[in-house]
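Source file: protein-v6.txt; contents: compact mmCIF, C-alpha atoms.
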```txt
# COMPACT_ATOMS: atom_id res chain seq x y z
CA MET Y 1 -2.65 -14.68 -15.28
CA THR Y 2 -4.18 -11.26 -15.71
CA VAL Y 3 -4.36 -8.52 -13.11
CA ILE Y 4 -7.94 -7.28 -13.43
CA ALA Y 5 -8.02 -4.50 -10.86
CA VAL Y 6 -5.83 -2.77 -8.30
CA ASP Y 7 -7.03 -0.44 -5.58
CA ARG Y 8 -4.54 1.49 -3.44
CA ASP Y 9 -6.35 3.12 -0.53
CA SER Y 10 -3.81 5.45 1.05
CA VAL Y 11 -6.14 6.51 3.87
CA ALA Y 12 -7.19 3.00 4.98
CA LEU Y 13 -3.68 1.67 4.10
CA THR Y 14 -5.26 -1.15 2.12
CA LEU Y 15 -4.11 -2.74 -1.11
CA THR Y 16 -6.55 -4.85 -3.13
CA ILE Y 17 -5.40 -6.84 -6.15
CA VAL Y 18 -7.80 -8.88 -8.25
CA SER Y 19 -6.25 -11.35 -10.68
CA GLU Y 20 -7.50 -14.14 -12.89
CA PHE Y 21 -5.85 -17.50 -13.58
CA ASP Y 22 -6.54 -20.11 -16.27
CA ALA Y 23 -6.79 -22.87 -13.68
CA SER Y 24 -9.38 -24.45 -11.40
CA VAL Y 25 -9.96 -23.07 -7.92
CA GLU Y 26 -8.52 -26.32 -6.44
CA ARG Y 27 -5.35 -25.92 -8.49
CA VAL Y 28 -4.87 -22.25 -7.49
CA TRP Y 29 -5.47 -23.17 -3.84
CA GLN Y 30 -2.52 -25.57 -4.01
CA VAL Y 31 -0.01 -22.75 -4.57
CA TRP Y 32 -0.98 -21.54 -1.06
CA ALA Y 33 -1.61 -24.91 0.61
CA ASP Y 34 1.47 -26.79 -0.60
CA PRO Y 35 4.60 -25.38 1.10
CA ARG Y 36 6.86 -26.57 -1.74
CA GLN Y 37 4.74 -24.58 -4.22
CA LEU Y 38 4.38 -21.58 -1.91
CA GLU Y 39 8.15 -21.20 -1.55
CA ARG Y 40 8.51 -21.06 -5.29
CA TRP Y 41 6.58 -17.80 -5.59
CA TRP Y 42 6.57 -16.01 -2.22
CA GLY Y 43 10.09 -14.57 -2.28
CA PRO Y 44 11.56 -12.54 -5.15
CA PRO Y 45 14.15 -14.37 -7.33
CA ASN Y 46 17.11 -12.84 -5.43
CA TYR Y 47 15.49 -13.64 -2.04
CA PRO Y 48 14.03 -17.17 -2.41
CA ALA Y 49 11.81 -18.32 0.45
CA THR Y 50 12.27 -21.50 2.47
CA LEU Y 51 9.21 -22.62 4.47
CA VAL Y 52 9.93 -23.85 8.00
CA ASP Y 53 6.41 -24.37 9.42
CA HIS Y 54 3.25 -24.47 7.39
CA ALA Y 55 0.15 -25.10 9.50
CA LEU Y 56 -2.83 -23.84 7.50
CA THR Y 57 -5.30 -24.23 10.36
CA LYS Y 58 -7.05 -21.60 12.46
CA GLY Y 59 -4.44 -20.18 14.86
CA GLY Y 60 -1.69 -22.09 13.04
CA ARG Y 61 1.62 -20.59 12.03
CA VAL Y 62 3.51 -20.40 8.81
CA THR Y 63 7.16 -19.45 9.26
CA TYR Y 64 9.78 -18.95 6.60
CA TYR Y 65 13.03 -17.27 5.82
CA MET Y 66 14.23 -15.63 2.64
CA THR Y 67 17.89 -15.97 1.74
CA GLY Y 68 19.54 -12.91 0.21
CA PRO Y 69 22.42 -12.79 -2.29
CA ASP Y 70 24.97 -12.48 0.55
CA GLY Y 71 23.47 -15.38 2.46
CA GLU Y 72 21.59 -13.12 4.90
CA LYS Y 73 18.34 -14.60 6.17
CA LEU Y 74 15.15 -12.53 6.54
CA HIS Y 75 12.63 -14.27 8.76
CA GLY Y 76 8.88 -13.89 8.31
CA TRP Y 77 5.70 -15.40 9.69
CA TRP Y 78 1.95 -15.72 9.23
CA ARG Y 79 -0.64 -16.46 11.90
CA ILE Y 80 -3.74 -18.01 10.38
CA ILE Y 81 -6.96 -16.18 11.30
CA SER Y 82 -9.28 -18.33 9.20
CA VAL Y 83 -9.00 -20.90 6.45
CA ASP Y 84 -11.69 -22.43 4.23
CA PRO Y 85 -10.15 -24.62 1.51
CA PRO Y 86 -10.23 -23.99 -1.42
CA ARG Y 87 -12.07 -20.67 -1.09
CA SER Y 88 -10.46 -18.37 1.45
CA LEU Y 89 -7.50 -17.76 3.68
CA GLU Y 90 -6.88 -14.90 6.09
CA PHE Y 91 -3.71 -14.37 8.07
CA GLU Y 92 -1.68 -11.85 10.01
CA GLU Y 93 1.78 -11.37 8.62
CA GLY Y 94 4.98 -9.90 9.87
CA CYS Y 95 8.73 -10.18 9.79
CA GLY Y 96 11.22 -10.84 12.54
CA PRO Y 97 9.92 -12.29 15.81
CA PRO Y 98 6.11 -12.11 16.17
CA ASN Y 99 4.97 -9.19 18.33
CA GLU Y 100 1.55 -9.75 19.92
CA GLU Y 101 1.30 -6.20 21.27
CA LEU Y 102 1.33 -4.25 18.03
CA PRO Y 103 -1.53 -4.29 15.56
CA ALA Y 104 -0.56 -6.57 12.70
CA THR Y 105 -0.89 -6.34 8.96
CA THR Y 106 -3.46 -8.82 7.66
CA ALA Y 107 -3.90 -10.46 4.29
CA GLU Y 108 -7.11 -11.95 2.97
CA VAL Y 109 -7.18 -14.27 -0.03
CA ARG Y 110 -10.44 -15.15 -1.74
CA LEU Y 111 -10.78 -17.56 -4.65
CA VAL Y 112 -13.87 -17.66 -6.85
CA GLU Y 113 -14.33 -20.07 -9.73
CA THR Y 114 -15.65 -18.67 -12.98
CA PRO Y 115 -16.07 -20.81 -16.13
CA ALA Y 116 -12.57 -22.25 -16.85
CA LYS Y 117 -10.93 -19.58 -14.71
CA THR Y 118 -10.32 -18.64 -11.09
CA THR Y 119 -10.50 -15.10 -9.77
CA MET Y 120 -8.19 -14.41 -6.84
CA THR Y 121 -8.71 -11.32 -4.68
CA ILE Y 122 -5.92 -10.43 -2.27
CA ILE Y 123 -6.65 -7.69 0.25
CA THR Y 124 -3.75 -6.53 2.40
CA ARG Y 125 -4.64 -4.24 5.31
CA PHE Y 126 -1.50 -2.62 6.67
CA ALA Y 127 -1.31 -1.76 10.36
CA SER Y 128 0.79 1.38 9.85
CA ILE Y 129 3.27 3.05 7.54
CA ALA Y 130 6.05 1.77 9.83
CA ASP Y 131 4.73 -1.77 9.35
CA MET Y 132 4.72 -1.30 5.59
CA GLU Y 133 8.35 -0.17 5.65
CA GLN Y 134 9.33 -3.10 7.85
CA LEU Y 135 7.57 -5.61 5.58
CA LEU Y 136 9.37 -4.13 2.59
CA GLY Y 137 12.62 -4.84 4.40
CA MET Y 138 13.62 -1.25 4.82
CA GLY Y 139 15.67 -0.15 7.77
CA LYS Y 140 14.39 2.49 10.16
CA GLY Y 141 14.15 5.89 8.55
CA GLU Y 142 15.40 4.65 5.20
CA GLY Y 143 11.91 4.62 3.79
CA THR Y 144 10.71 6.50 0.77
CA ARG Y 145 10.78 9.79 2.62
CA LEU Y 146 9.01 12.38 0.58
CA ALA Y 147 11.08 15.46 -0.06
CA VAL Y 148 9.35 18.52 1.32
CA GLY Y 149 7.95 20.61 -1.47
CA GLN Y 150 7.66 17.75 -3.93
CA ILE Y 151 4.63 19.01 -5.78
CA ASP Y 152 4.94 16.32 -8.45
CA ALA Y 153 4.37 13.64 -5.84
CA ILE Y 154 1.29 15.44 -4.55
CA LEU Y 155 -0.14 15.73 -8.04
CA ALA Y 156 0.47 12.04 -8.59
CA VAL Y 157 -1.31 11.19 -5.35
CA MET Y 158 -4.24 13.54 -5.63
CA THR Y 159 -5.06 12.75 -9.24
CA ALA Y 160 -4.57 8.99 -8.97
CA SER Y 161 -7.20 8.40 -6.31
CA MET Z 1 -7.65 3.52 -8.17
CA VAL Z 2 -6.11 2.22 -11.36
CA VAL Z 3 -9.46 0.96 -12.61
CA GLY Z 4 -12.05 3.34 -14.14
CA ARG Z 5 -12.28 6.94 -13.02
CA THR Z 6 -15.55 8.46 -11.94
CA GLY Z 7 -16.82 11.95 -12.70
CA ARG Z 8 -16.37 12.78 -9.04
CA GLN Z 9 -12.68 11.81 -9.20
CA GLU Z 10 -12.20 13.97 -12.29
CA GLU Z 11 -13.81 16.95 -10.53
CA HIS Z 12 -11.52 16.41 -7.58
CA ALA Z 13 -8.49 16.30 -9.88
CA ASP Z 14 -9.65 19.58 -11.45
CA ARG Z 15 -9.82 21.22 -8.02
CA VAL Z 16 -6.33 19.96 -7.14
CA PHE Z 17 -4.83 21.26 -10.38
CA ARG Z 18 -6.59 24.63 -9.97
CA ALA Z 19 -5.37 24.88 -6.38
CA LEU Z 20 -1.78 24.17 -7.38
CA ALA Z 21 -1.87 26.46 -10.41
CA HIS Z 22 -0.81 29.49 -8.30
CA PRO Z 23 2.74 30.01 -6.96
CA THR Z 24 1.52 31.42 -3.61
CA ARG Z 25 -0.71 28.39 -3.01
CA ARG Z 26 2.13 26.00 -3.88
CA ASP Z 27 4.34 27.88 -1.44
CA VAL Z 28 1.68 27.72 1.31
CA LEU Z 29 1.38 23.96 0.78
CA ARG Z 30 5.17 23.47 0.91
CA ARG Z 31 5.31 25.38 4.18
CA ALA Z 32 2.34 23.44 5.61
CA MET Z 33 4.19 20.19 4.86
CA GLN Z 34 6.99 21.40 7.12
CA GLY Z 35 4.69 22.17 10.05
CA THR Z 36 1.54 23.90 11.24
CA LEU Z 37 1.09 27.49 10.08
CA SER Z 38 -1.19 30.31 11.11
CA VAL Z 39 -2.99 32.38 8.50
CA SER Z 40 -1.78 35.60 10.11
CA GLY Z 41 1.79 34.27 10.11
CA LEU Z 42 1.47 33.48 6.42
CA ALA Z 43 0.16 36.96 5.69
CA ARG Z 44 3.44 38.42 6.97
CA LEU Z 45 5.38 36.32 4.43
CA TYR Z 46 3.63 37.56 1.31
CA PRO Z 47 3.06 41.07 -0.03
CA MET Z 48 -0.72 40.73 0.29
CA THR Z 49 -3.50 41.26 2.77
CA THR Z 50 -4.62 38.63 5.30
CA THR Z 51 -7.91 38.43 3.39
CA ALA Z 52 -6.05 37.59 0.16
CA VAL Z 53 -4.04 34.88 1.95
CA GLN Z 54 -7.25 33.50 3.45
CA LYS Z 55 -8.71 33.18 -0.05
CA HIS Z 56 -5.69 31.19 -1.23
CA VAL Z 57 -5.90 28.92 1.81
CA ALA Z 58 -9.62 28.39 1.15
CA VAL Z 59 -8.85 27.18 -2.40
CA LEU Z 60 -6.31 24.68 -1.00
CA GLU Z 61 -8.87 23.55 1.57
CA GLU Z 62 -11.57 23.02 -1.08
CA ALA Z 63 -9.16 20.78 -2.96
CA GLY Z 64 -8.62 18.73 0.20
CA LEU Z 65 -4.94 19.65 0.31
CA VAL Z 66 -5.02 21.42 3.69
CA HIS Z 67 -7.28 21.63 6.73
CA LEU Z 68 -8.17 24.82 8.60
CA THR Z 69 -8.71 24.74 12.33
CA ARG Z 70 -9.35 27.54 14.80
CA HIS Z 71 -7.08 27.87 17.82
CA GLY Z 72 -8.13 30.83 19.94
CA ARG Z 73 -7.93 33.86 17.66
CA GLU Z 74 -5.63 32.07 15.22
CA GLN Z 75 -6.62 30.09 12.15
CA LEU Z 76 -4.19 27.20 11.71
CA VAL Z 77 -3.32 25.48 8.44
CA THR Z 78 -2.31 21.80 8.53
CA THR Z 79 -1.87 19.12 5.91
CA GLU Z 80 -1.57 15.32 5.83
CA ILE Z 81 -0.64 15.33 2.18
CA ASP Z 82 2.92 14.16 2.87
CA THR Z 83 1.61 11.17 4.85
CA ILE Z 84 -0.87 10.32 2.11
CA ALA Z 85 1.85 10.62 -0.54
CA LYS Z 86 4.13 8.35 1.46
CA ALA Z 87 1.36 5.77 1.92
CA GLN Z 88 0.65 5.89 -1.82
CA SER Z 89 4.27 5.27 -2.72
CA LEU Z 90 4.54 2.36 -0.25
CA LEU Z 91 1.29 0.85 -1.57
CA ALA Z 92 2.73 1.14 -5.08
CA GLU Z 93 5.79 -0.83 -3.92
CA PHE Z 94 3.57 -3.55 -2.45
CA GLU Z 95 1.59 -3.65 -5.69
CA LEU Z 96 4.86 -4.34 -7.57
CA LEU Z 97 5.82 -7.00 -5.02
CA TRP Z 98 2.44 -8.73 -5.47
CA ARG Z 99 2.58 -8.47 -9.27
CA GLY Z 100 5.91 -10.31 -9.07
CA ARG Z 101 4.37 -12.97 -6.82
CA LEU Z 102 1.39 -13.39 -9.16
CA ASP Z 103 3.73 -13.84 -12.15
CA ARG Z 104 5.70 -16.50 -10.26
CA MET Z 105 2.42 -18.16 -9.18
CA ASP Z 106 1.61 -18.44 -12.88
CA ASP Z 107 4.94 -20.23 -13.45
CA VAL Z 108 4.18 -22.63 -10.59
CA LEU Z 109 0.73 -23.32 -12.03
CA ALA Z 110 2.26 -24.02 -15.44
CA LYS Z 111 4.95 -26.36 -14.04
CA PRO Z 112 3.51 -27.93 -10.88
CA LEU Z 113 6.21 -30.59 -10.62
CA GLY Z 114 9.16 -28.42 -11.68
CA GLY Z 115 12.17 -27.66 -9.48
CA ALA Z 116 14.33 -29.90 -7.38
CA SER Z 117 12.07 -29.92 -4.31
CA SER Z 118 9.89 -32.89 -3.39
```
This structure in structure tokens:
Amino acid sequence: MTVIAVDRDSVALTLTIVSEFDASVERVWQVWADPRQLERWWGPPNYPATLVDHALTKGGRVTYYMTGPDGEKLHGWWRIISVDPPRSLEFEEGCGPPNEELPATTAEVRLVETPAKTTMTIITRFASIADMEQLLGMGKGEGTRLAVGQIDAILAVMTAS
Amino acid sequence: MVVGRTGRQEEHADRVFRALAHPTRRDVLRRAMQGTLSVSGLARLYPMTTTAVQKHVAVLEEAGLVHLTRHGREQLVTTEIDTIAKAQSLLAEFELLWRGRLDRMDDVLAKPLGGASS
């Protein structure tokens, strides 16, 4: 697997990652479509994921929990917006109980077959900074608050984009 | 953008570095990050004329670091740079999270029948 390109759009709150796998498009699709394979990569090693529901159909839900080192369970969900095996998948994602009132973060997965390889583009459009913090499992106000007067951070931002 | 840089991006970076290369302009930006300022209020803080302060603010504005708006007779200086910086740092965390997922996906692709699950 090679990460070919990354785009962090801090105004649109969108992250795009393009990667390439030495596998067929059908094989790469399986890591999303097979819940037993999905739970092997979704959660980080110290927070492995367990899939509860996995309905990859329009309007269907995927629900899971990740178990932390102390046994704590973090619940998460997807709501499928569209699915076109083995080419594309789009879903809303969130953690905790689903909230229909707030705009949700969406993820779009696109698979394209190239000779002997598959290119996977993942576009995550975040609803808000608060949503990003929640998805990262941060408590309220514990986010990466930028210290006022941190010119280094500004330089990093302004010259990286 | 981690991929190639365009000439336009380099020019923008030059403007940012020029804007931040002066202690007064860095101080104006720090203060703007704490809340909205007026140009006349700023002029009272520094041993310089209002016109001189206005010039410094204009350099920050050209670099896209602050915005100038008129409110009655006052010119107000605001910035979203702290929000943008926060968004950048959160996006960077998500990039790391996804890079970890992609690495693990690779392991799953290499060993499709591995693990104890069915």
Next on the checklist: Near chain Y, meaning an atom within 8 Å, which residues of chain Z appear when counting all atoms listed in the file? Write them as a ChimeraX atom specification.
Outcome noted: /Z:1-3,9-10,12-13,16-17,26,29-31,33-34,81-82,84-92,94-95,97,99-106,108-109,112,117-118
Checklist outcome for this item: Students should find that CA of Ala127 in chain Y and CA of Gly59 in chain Y are spaced 19.2 Å
Checklist entry - Interatomic distance between CA of Thr118 in chain Y and CA of Val25 in chain Y? => result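 Separation of CA of Thr118 in chain Y and CA of Val25 in chain Y: 5.5 Å.
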Next on the checklist: Please compute the CA of Arg61 in chain Y-CA of Ile80 in chain Y distance, one decimal, in Å.
Outcome noted: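 Separation between CA of Arg61 in chain Y and CA of Ile80 in chain Y: 6.2 Å.
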Checklist entry - Which residue, Z:Val39, Z:Gln54, Z:Ala32, Z:Glu62, has the smallest gap to Glu74 in chain Z when you use all atoms listed in the file? => result Z:Val39
Item to check | Residue contacts of Glu92 in chain Y (9 Å, all atoms listed in the file) excluding same-chain residues fewer than 4 positions away, as a PyMOL selection string | outcome: chain Y and resi 77-81+104-108
Checklist entry - Nearest to Trp98 in chain Z among Y:Leu51, Y:Ile123, Y:Val83, Y:Leu56, with distances taken over only C-alpha atoms: which residue is it? => result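 Result for the nearest residue to Trp98 in chain Z: Y:Ile123.
Counting all atoms listed in the file, Asp70 in chain Y has the following residues at most 10 Å away, ignoring those fewer than 2 positions along the same chain: Asn46, Tyr47, Thr67, Gly68, Glu72 and Lys73 of chain Y.
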Checklist entry - Got a sec: who's within 8 Å of Leu60 in chain Z, counting only C-alpha atoms, leaving out chain neighbours fewer than 5 positions off, as a list in words? => result Val16, Ala19, Leu20, Arg25, Leu29, Leu65 and Val66 of chain Z
